[in-house]
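The structure file target_4.pdb is reproduced below (PDB, C-alpha atoms).
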```
MODEL        1
ATOM      1  CA  MET J   1     290.360 287.050 178.919
ATOM      2  CA  LYS J   2     292.127 289.430 176.540
ATOM      3  CA  ASN J   3     291.892 288.454 172.863
ATOM      4  CA  ILE J   4     295.290 287.028 171.952
ATOM      5  CA  LEU J   5     295.224 288.877 168.610
ATOM      6  CA  ASN J   6     295.060 292.213 170.455
ATOM      7  CA  ARG J   7     298.070 291.625 172.728
ATOM      8  CA  SER J   8     300.653 294.323 172.166
ATOM      9  CA  ASP J   9     303.413 292.434 174.006
ATOM     10  CA  ARG J  10     303.535 289.553 171.503
ATOM     11  CA  ARG J  11     303.791 289.215 167.756
ATOM     12  CA  ILE J  12     301.691 286.685 165.855
ATOM     13  CA  ALA J  13     303.082 284.390 163.165
ATOM     14  CA  ILE J  14     301.635 281.566 161.104
ATOM     15  CA  LEU J  15     304.066 278.797 160.138
ATOM     16  CA  ASP J  16     303.741 276.071 157.519
ATOM     17  CA  VAL J  17     306.075 273.250 156.524
ATOM     18  CA  GLU J  18     306.115 271.241 153.302
ATOM     19  CA  ALA J  19     307.693 267.794 153.498
ATOM     20  CA  SER J  20     309.203 265.116 151.299
ATOM     21  CA  ALA J  21     306.575 262.616 152.476
ATOM     22  CA  LEU J  22     303.907 262.337 155.138
ATOM     23  CA  GLU J  23     304.961 258.859 156.224
ATOM     24  CA  ALA J  24     307.816 257.904 158.537
ATOM     25  CA  GLY J  25     311.158 258.879 157.053
ATOM     26  CA  GLY J  26     309.810 262.096 155.519
ATOM     27  CA  TYR J  27     311.764 265.285 156.103
ATOM     28  CA  PRO J  28     311.079 269.026 155.781
ATOM     29  CA  ILE J  29     311.820 270.630 152.415
ATOM     30  CA  GLU J  30     310.291 274.104 152.803
ATOM     31  CA  VAL J  31     309.250 276.281 155.737
ATOM     32  CA  GLY J  32     307.096 279.380 155.377
ATOM     33  CA  VAL J  33     306.173 282.130 157.814
ATOM     34  CA  ALA J  34     303.593 284.906 157.779
ATOM     35  CA  LEU J  35     304.364 287.510 160.437
ATOM     36  CA  VAL J  36     301.577 289.864 161.565
ATOM     37  CA  ARG J  37     303.192 293.218 162.309
ATOM     38  CA  GLY J  38     300.121 295.331 163.048
ATOM     39  CA  SER J  39     297.041 296.626 161.283
ATOM     40  CA  SER J  40     298.887 299.470 159.540
ATOM     41  CA  GLU J  41     301.713 297.293 158.205
ATOM     42  CA  PRO J  42     301.664 294.485 155.652
ATOM     43  CA  ILE J  43     301.836 290.890 156.839
ATOM     44  CA  GLY J  44     305.412 289.765 156.216
ATOM     45  CA  VAL J  45     305.489 286.546 154.205
ATOM     46  CA  GLY J  46     308.523 284.466 153.312
ATOM     47  CA  ALA J  47     309.905 280.962 152.965
ATOM     48  CA  LYS J  48     313.108 278.986 152.759
ATOM     49  CA  LEU J  49     313.702 275.861 150.739
ATOM     50  CA  ILE J  50     315.648 273.345 152.825
ATOM     51  CA  ARG J  51     318.550 271.430 151.317
ATOM     52  CA  PRO J  52     318.245 267.776 152.393
ATOM     53  CA  THR J  53     321.076 266.468 154.536
ATOM     54  CA  LYS J  54     323.098 263.469 153.367
ATOM     55  CA  GLU J  55     321.367 261.359 156.038
ATOM     56  CA  TRP J  56     317.920 262.399 154.816
ATOM     57  CA  LEU J  57     318.864 261.493 151.249
ATOM     58  CA  ASP J  58     320.401 258.164 152.312
ATOM     59  CA  ILE J  59     317.653 256.870 154.619
ATOM     60  CA  GLY J  60     314.736 259.298 154.209
ATOM     61  CA  VAL J  61     311.636 258.960 152.076
ATOM     62  CA  TRP J  62     310.798 261.026 148.999
ATOM     63  CA  SER J  63     307.160 260.603 147.977
ATOM     64  CA  LYS J  64     306.132 261.310 144.393
ATOM     65  CA  SER J  65     302.555 261.825 145.633
ATOM     66  CA  SER J  66     303.735 264.520 148.084
ATOM     67  CA  GLU J  67     305.771 266.091 145.279
ATOM     68  CA  ALA J  68     302.632 266.168 143.141
ATOM     69  CA  VAL J  69     300.844 268.141 145.891
ATOM     70  CA  HIS J  70     303.522 270.762 146.653
ATOM     71  CA  GLY J  71     305.129 270.768 143.209
ATOM     72  CA  ILE J  72     308.711 270.911 144.486
ATOM     73  CA  PRO J  73     311.008 268.335 142.842
ATOM     74  CA  LEU J  74     313.862 266.774 144.809
ATOM     75  CA  GLU J  75     316.378 268.212 142.333
ATOM     76  CA  ARG J  76     315.193 271.741 143.170
ATOM     77  CA  VAL J  77     315.641 271.421 146.950
ATOM     78  CA  GLN J  78     319.053 269.844 146.387
ATOM     79  CA  ARG J  79     320.071 272.696 144.058
ATOM     80  CA  ASP J  80     318.302 275.723 145.611
ATOM     81  CA  GLY J  81     317.721 274.682 149.220
ATOM     82  CA  GLU J  82     319.582 276.362 152.051
ATOM     83  CA  PRO J  83     321.570 274.439 154.669
ATOM     84  CA  VAL J  84     319.558 273.279 157.699
ATOM     85  CA  GLU J  85     321.672 275.444 160.025
ATOM     86  CA  LYS J  86     320.876 278.604 158.068
ATOM     87  CA  VAL J  87     317.141 277.837 157.986
ATOM     88  CA  CYS J  88     317.069 277.198 161.757
ATOM     89  CA  ASP J  89     318.974 280.410 162.459
ATOM     90  CA  TRP J  90     316.542 282.345 160.237
ATOM     91  CA  LEU J  91     313.518 280.895 162.046
ATOM     92  CA  ASN J  92     314.943 281.498 165.529
ATOM     93  CA  GLY J  93     316.009 285.035 164.626
ATOM     94  CA  LEU J  94     312.666 285.879 163.062
ATOM     95  CA  LEU J  95     310.372 284.258 165.615
ATOM     96  CA  GLY J  96     312.289 284.013 168.895
ATOM     97  CA  ALA J  97     310.592 283.378 172.226
ATOM     98  CA  ARG J  98     308.204 286.359 172.171
ATOM     99  CA  THR J  99     306.205 285.439 169.065
ATOM    100  CA  ILE J 100     303.029 283.367 169.212
ATOM    101  CA  VAL J 101     303.594 280.919 166.357
ATOM    102  CA  ALA J 102     300.537 279.034 165.147
ATOM    103  CA  THR J 103     299.998 276.336 162.545
ATOM    104  CA  ASP J 104     296.991 274.453 161.234
ATOM    105  CA  ALA J 105     298.871 271.134 161.571
ATOM    106  CA  PRO J 106     300.848 271.388 164.825
ATOM    107  CA  ARG J 107     301.589 267.685 165.207
ATOM    108  CA  TYR J 108     303.065 267.342 161.718
ATOM    109  CA  ASP J 109     304.783 270.727 161.652
ATOM    110  CA  GLN J 110     306.424 270.189 165.049
ATOM    111  CA  ASP J 111     307.680 266.788 163.891
ATOM    112  CA  TRP J 112     309.231 268.446 160.800
ATOM    113  CA  LEU J 113     310.730 271.218 162.965
ATOM    114  CA  ASP J 114     312.155 268.602 165.369
ATOM    115  CA  THR J 115     313.773 266.849 162.395
ATOM    116  CA  LEU J 116     315.135 270.146 161.036
ATOM    117  CA  PHE J 117     316.559 271.445 164.320
ATOM    118  CA  ALA J 118     318.055 268.038 165.246
ATOM    119  CA  ALA J 119     319.835 267.858 161.885
ATOM    120  CA  ALA J 120     321.209 271.363 162.430
ATOM    121  CA  GLY J 121     322.242 270.679 166.038
ATOM    122  CA  ARG J 122     320.255 273.772 167.039
ATOM    123  CA  GLU J 123     317.678 274.455 169.734
ATOM    124  CA  GLN J 124     314.257 275.694 168.611
ATOM    125  CA  LYS J 125     313.703 279.039 170.399
ATOM    126  CA  PHE J 126     309.975 279.313 169.682
ATOM    127  CA  ARG J 127     306.961 277.185 170.514
ATOM    128  CA  ILE J 128     304.157 276.383 168.086
ATOM    129  CA  PHE J 129     300.456 276.351 168.891
ATOM    130  CA  ASP J 130     297.377 275.092 167.127
ATOM    131  CA  PHE J 131     295.865 277.774 164.874
ATOM    132  CA  GLN J 132     292.665 277.540 166.932
ATOM    133  CA  VAL J 133     294.380 279.282 169.865
ATOM    134  CA  LEU J 134     294.163 282.460 167.762
ATOM    135  CA  THR J 135     290.425 282.109 167.144
ATOM    136  CA  ARG J 136     289.220 280.968 170.558
ATOM    137  CA  ASP J 137     287.712 284.397 171.312
ATOM    138  CA  PHE J 138     285.916 284.613 167.952
ATOM    139  CA  SER J 139     282.142 284.686 167.900
ATOM    140  CA  ALA J 140     280.197 281.998 166.043
ATOM    141  CA  ASP J 141     279.700 284.474 163.172
ATOM    142  CA  GLN J 142     283.448 285.146 162.996
ATOM    143  CA  HIS J 143     284.185 281.413 162.902
ATOM    144  CA  ARG J 144     281.660 280.937 160.082
ATOM    145  CA  HIS J 145     283.098 283.880 158.148
ATOM    146  CA  LEU J 146     286.646 282.545 158.560
ATOM    147  CA  ALA J 147     285.534 279.110 157.337
ATOM    148  CA  TYR J 148     283.851 280.798 154.352
ATOM    149  CA  LEU J 149     286.976 282.825 153.475
ATOM    150  CA  LEU J 150     289.246 279.792 153.766
ATOM    151  CA  GLY J 151     286.818 277.625 151.808
ATOM    152  CA  ARG J 152     286.515 279.915 148.802
ATOM    153  CA  ASP J 153     290.090 279.247 147.698
ATOM    154  CA  SER J 154     292.078 276.070 148.020
ATOM    155  CA  PRO J 155     295.431 276.004 149.792
ATOM    156  CA  PRO J 156     298.316 276.308 147.316
ATOM    157  CA  HIS J 157     300.469 273.773 149.261
ATOM    158  CA  ARG J 158     303.550 275.975 149.228
ATOM    159  CA  ALA J 159     304.753 276.999 152.671
ATOM    160  CA  ALA J 160     304.788 280.813 152.301
ATOM    161  CA  ALA J 161     301.515 280.932 150.384
ATOM    162  CA  ASP J 162     299.767 278.617 152.864
ATOM    163  CA  ALA J 163     300.996 280.622 155.869
ATOM    164  CA  GLY J 164     300.109 283.914 154.175
ATOM    165  CA  ARG J 165     296.628 282.671 153.264
ATOM    166  CA  LEU J 166     295.855 281.673 156.872
ATOM    167  CA  ALA J 167     297.277 284.903 158.324
ATOM    168  CA  SER J 168     295.467 287.119 155.807
ATOM    169  CA  ARG J 169     292.085 285.473 156.323
ATOM    170  CA  LEU J 170     292.504 285.486 160.113
ATOM    171  CA  MET J 171     293.398 289.159 160.236
ATOM    172  CA  GLU J 172     290.661 290.060 157.736
ATOM    173  CA  ILE J 173     288.187 288.728 160.305
ATOM    174  CA  GLN J 174     289.981 290.498 163.171
ATOM    175  CA  TRP J 175     290.479 293.875 161.462
ATOM    176  CA  GLY J 176     287.434 293.886 159.188
ATOM    177  CA  TYR J 177     289.374 294.356 155.945
ATOM    178  CA  PRO J 178     291.868 292.318 153.897
ATOM    179  CA  PRO J 179     295.455 293.056 154.943
ATOM    180  CA  ARG J 180     298.334 293.706 152.578
ATOM    181  CA  GLU J 181     301.272 291.318 152.316
ATOM    182  CA  GLY J 182     304.965 292.129 151.963
ATOM    183  CA  PRO J 183     308.288 290.291 152.141
ATOM    184  CA  LEU J 184     310.020 289.104 155.292
ATOM    185  CA  PRO J 185     313.674 289.835 156.002
ATOM    186  CA  ARG J 186     315.915 287.267 154.319
TER     187      ARG J 186
ENDMDL
END
```

Show me the file's structure as C-alpha cells.
Amino acid sequence: MKNILNRSDRRIAILDVEASALEAGGYPIEVGVALVRGSSEPIGVGAKLIRPTKEWLDIGVWSKSSEAVHGIPLERVQRDGEPVEKVCDWLNGLLGARTIVATDAPRYDQDWLDTLFAAAGREQKFRIFDFQVLTRDFSADQHRHLAYLLGRDSPPHRAAADAGRLASRLMEIQWGYPPREGPLPR
C-alpha cells in the first residue's frame, strides 16, 4: 500500500475545532486548518473565529471551564467572529473533496462541523478522518518519535496552533526535518 503522505493526487490537511463547551449544547467557536503543500513549501496555517448564531446564544451552552482552556471569551467571538456561512464557504473552498482532512478528535470535530454547516444551511464538501490514518504506514520507531515530539510541548488549545503543531510534527517525521509554516489564504 502506498503511504498516504506520499500521494501526489491528494493534499493533506489537519483540522481542529475549539468549542463553547464539550457537553451537549456546545457549539463551535473557532476552526483551524494546517494545509500540507509539499516538502519545499511551508505548511499553510490559519483559523477563523465563528460568530455564534442567535439560536446558539439562546439555547446553547457556554462553559467557563472550556473558556479557561482555549482562552477565548464569549464577547470576543461575538465581536470578532465571522458568520457561519462565511466560515463554511472558507472551509469548503480551502479543503474541497480532494483533500485528506485529518483530526485527532474526529468524533468531536465532526459533531462541531455538523453544527456549523447545519446553522449555515451548507453542505460539507470534505470528509474528516482520524489522524491515525496518516500514520498507519509509520514504523514503530516513527510512532515513538512522533509521540516524543508531541509530548515535549503541550497543545496550545487554539485551533490554528493545534492543527499546525500536529501537521508540523507529522511532517517532521515524514520528511526528516522540521517544516516551515506560513499563512493560509483568507

Distance query region 135-151 of chain J at most 8 Å, all atoms listed in the file, self and fewer than 6 positions along chain excluded, as a list in words: Asn3, Arg165, Leu166, Arg169, Leu170 and Ile173 of chain J

Atom pair CA of His70 (chain J) / CA of His157 (chain J): separation (Å): 5.0 Å

Spatial neighbours of Ser39 (chain J), 12 Å, only C-alpha atoms, chain gap at least 6 places, as JSON, numbers by chain: {"J": [5, 6, 8, 11, 12, 168, 171, 172, 173, 174, 175, 176, 177, 178, 179, 180, 181]}

Written file, previous selection with C-alpha atoms, as a CSV table (one decimal), in the frame of the given file:
```csv
chain,number,residue,atom,x,y,z
J,5,LEU,CA,295.2,288.9,168.6
J,6,ASN,CA,295.1,292.2,170.5
J,8,SER,CA,300.7,294.3,172.2
J,11,ARG,CA,303.8,289.2,167.8
J,12,ILE,CA,301.7,286.7,165.9
J,168,SER,CA,295.5,287.1,155.8
J,171,MET,CA,293.4,289.2,160.2
J,172,GLU,CA,290.7,290.1,157.7
J,173,ILE,CA,288.2,288.7,160.3
J,174,GLN,CA,290.0,290.5,163.2
J,175,TRP,CA,290.5,293.9,161.5
J,176,GLY,CA,287.4,293.9,159.2
J,177,TYR,CA,289.4,294.4,155.9
J,178,PRO,CA,291.9,292.3,153.9
J,179,PRO,CA,295.5,293.1,154.9
J,180,ARG,CA,298.3,293.7,152.6
J,181,GLU,CA,301.3,291.3,152.3
```

Chain and number of each residue from the PyMOL selection byres ((chain J and resi 69) around 10), as a PyMOL selection string: chain J and resi 18+64-68+70-72+156-158

Explicit residues for the PyMOL selection byres ((chain J and resi 89-106) around 10) (as a PyMOL selection string): chain J and resi 4-5+9-17+31-36+47-48+84-88+107-112+117+120+122-134+162-163+166-167+184-186

Interatomic distance (Å, one decimal) between CA of Ser63 (chain J) and CA of Leu116 (chain J):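 Rounded to one decimal, the two atoms are 18.0 Å apart.
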
Please work out which residues fall within 9 Å of (314.0, 271.0, 152.1), coordinates as given in the file, with all atoms listed in the file counting, and return them as a PDB file with C-alpha atoms, keeping the file's coordinate frame.
```pdb
ATOM      1  CA  GLU J  18     306.115 271.241 153.302  1.00  0.00           C
ATOM      2  CA  ALA J  19     307.693 267.794 153.498  1.00  0.00           C
ATOM      3  CA  SER J  20     309.203 265.116 151.299  1.00  0.00           C
ATOM      4  CA  TYR J  27     311.764 265.285 156.103  1.00  0.00           C
ATOM      5  CA  PRO J  28     311.079 269.026 155.781  1.00  0.00           C
ATOM      6  CA  ILE J  29     311.820 270.630 152.415  1.00  0.00           C
ATOM      7  CA  GLU J  30     310.291 274.104 152.803  1.00  0.00           C
ATOM      8  CA  VAL J  31     309.250 276.281 155.737  1.00  0.00           C
ATOM      9  CA  LYS J  48     313.108 278.986 152.759  1.00  0.00           C
ATOM     10  CA  LEU J  49     313.702 275.861 150.739  1.00  0.00           C
ATOM     11  CA  ILE J  50     315.648 273.345 152.825  1.00  0.00           C
ATOM     12  CA  ARG J  51     318.550 271.430 151.317  1.00  0.00           C
ATOM     13  CA  PRO J  52     318.245 267.776 152.393  1.00  0.00           C
ATOM     14  CA  THR J  53     321.076 266.468 154.536  1.00  0.00           C
ATOM     15  CA  LEU J  74     313.862 266.774 144.809  1.00  0.00           C
ATOM     16  CA  VAL J  77     315.641 271.421 146.950  1.00  0.00           C
ATOM     17  CA  GLN J  78     319.053 269.844 146.387  1.00  0.00           C
ATOM     18  CA  GLY J  81     317.721 274.682 149.220  1.00  0.00           C
ATOM     19  CA  GLU J  82     319.582 276.362 152.051  1.00  0.00           C
ATOM     20  CA  PRO J  83     321.570 274.439 154.669  1.00  0.00           C
ATOM     21  CA  VAL J  84     319.558 273.279 157.699  1.00  0.00           C
TER      22      VAL J  84
END
```

Test item: residues at most 7 Å from Gly60 (chain J), all atoms listed in the file, excluding those fewer than 4 positions along its chain, as a list in words: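 The residues satisfying every condition are Gly25, Gly26, Tyr27 and Trp56 of chain J.
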
Of the listed residues J:Gly121, J:Gly46, J:Gly38, J:Pro73, that which approaches Pro183 (chain J) most closely, counting only C-alpha atoms: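 When distances to Pro183 (chain J) are compared using only C-alpha atoms, the smallest one comes from J:Gly46.
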
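Relative to CA of Ala118 (chain J), CA of Arg37 (chain J) is found at 29.4 Å.
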
Six-sided padding of 3 Å per side, axis-aligned box over region 67-74 of chain J, centre and edges in Å, one decimal, as AutoDock Vina command-line options:
```
--center_x 307.4 --center_y 268.5 --center_z 144.7 --size_x 19.0 --size_y 10.8 --size_z 9.8
```
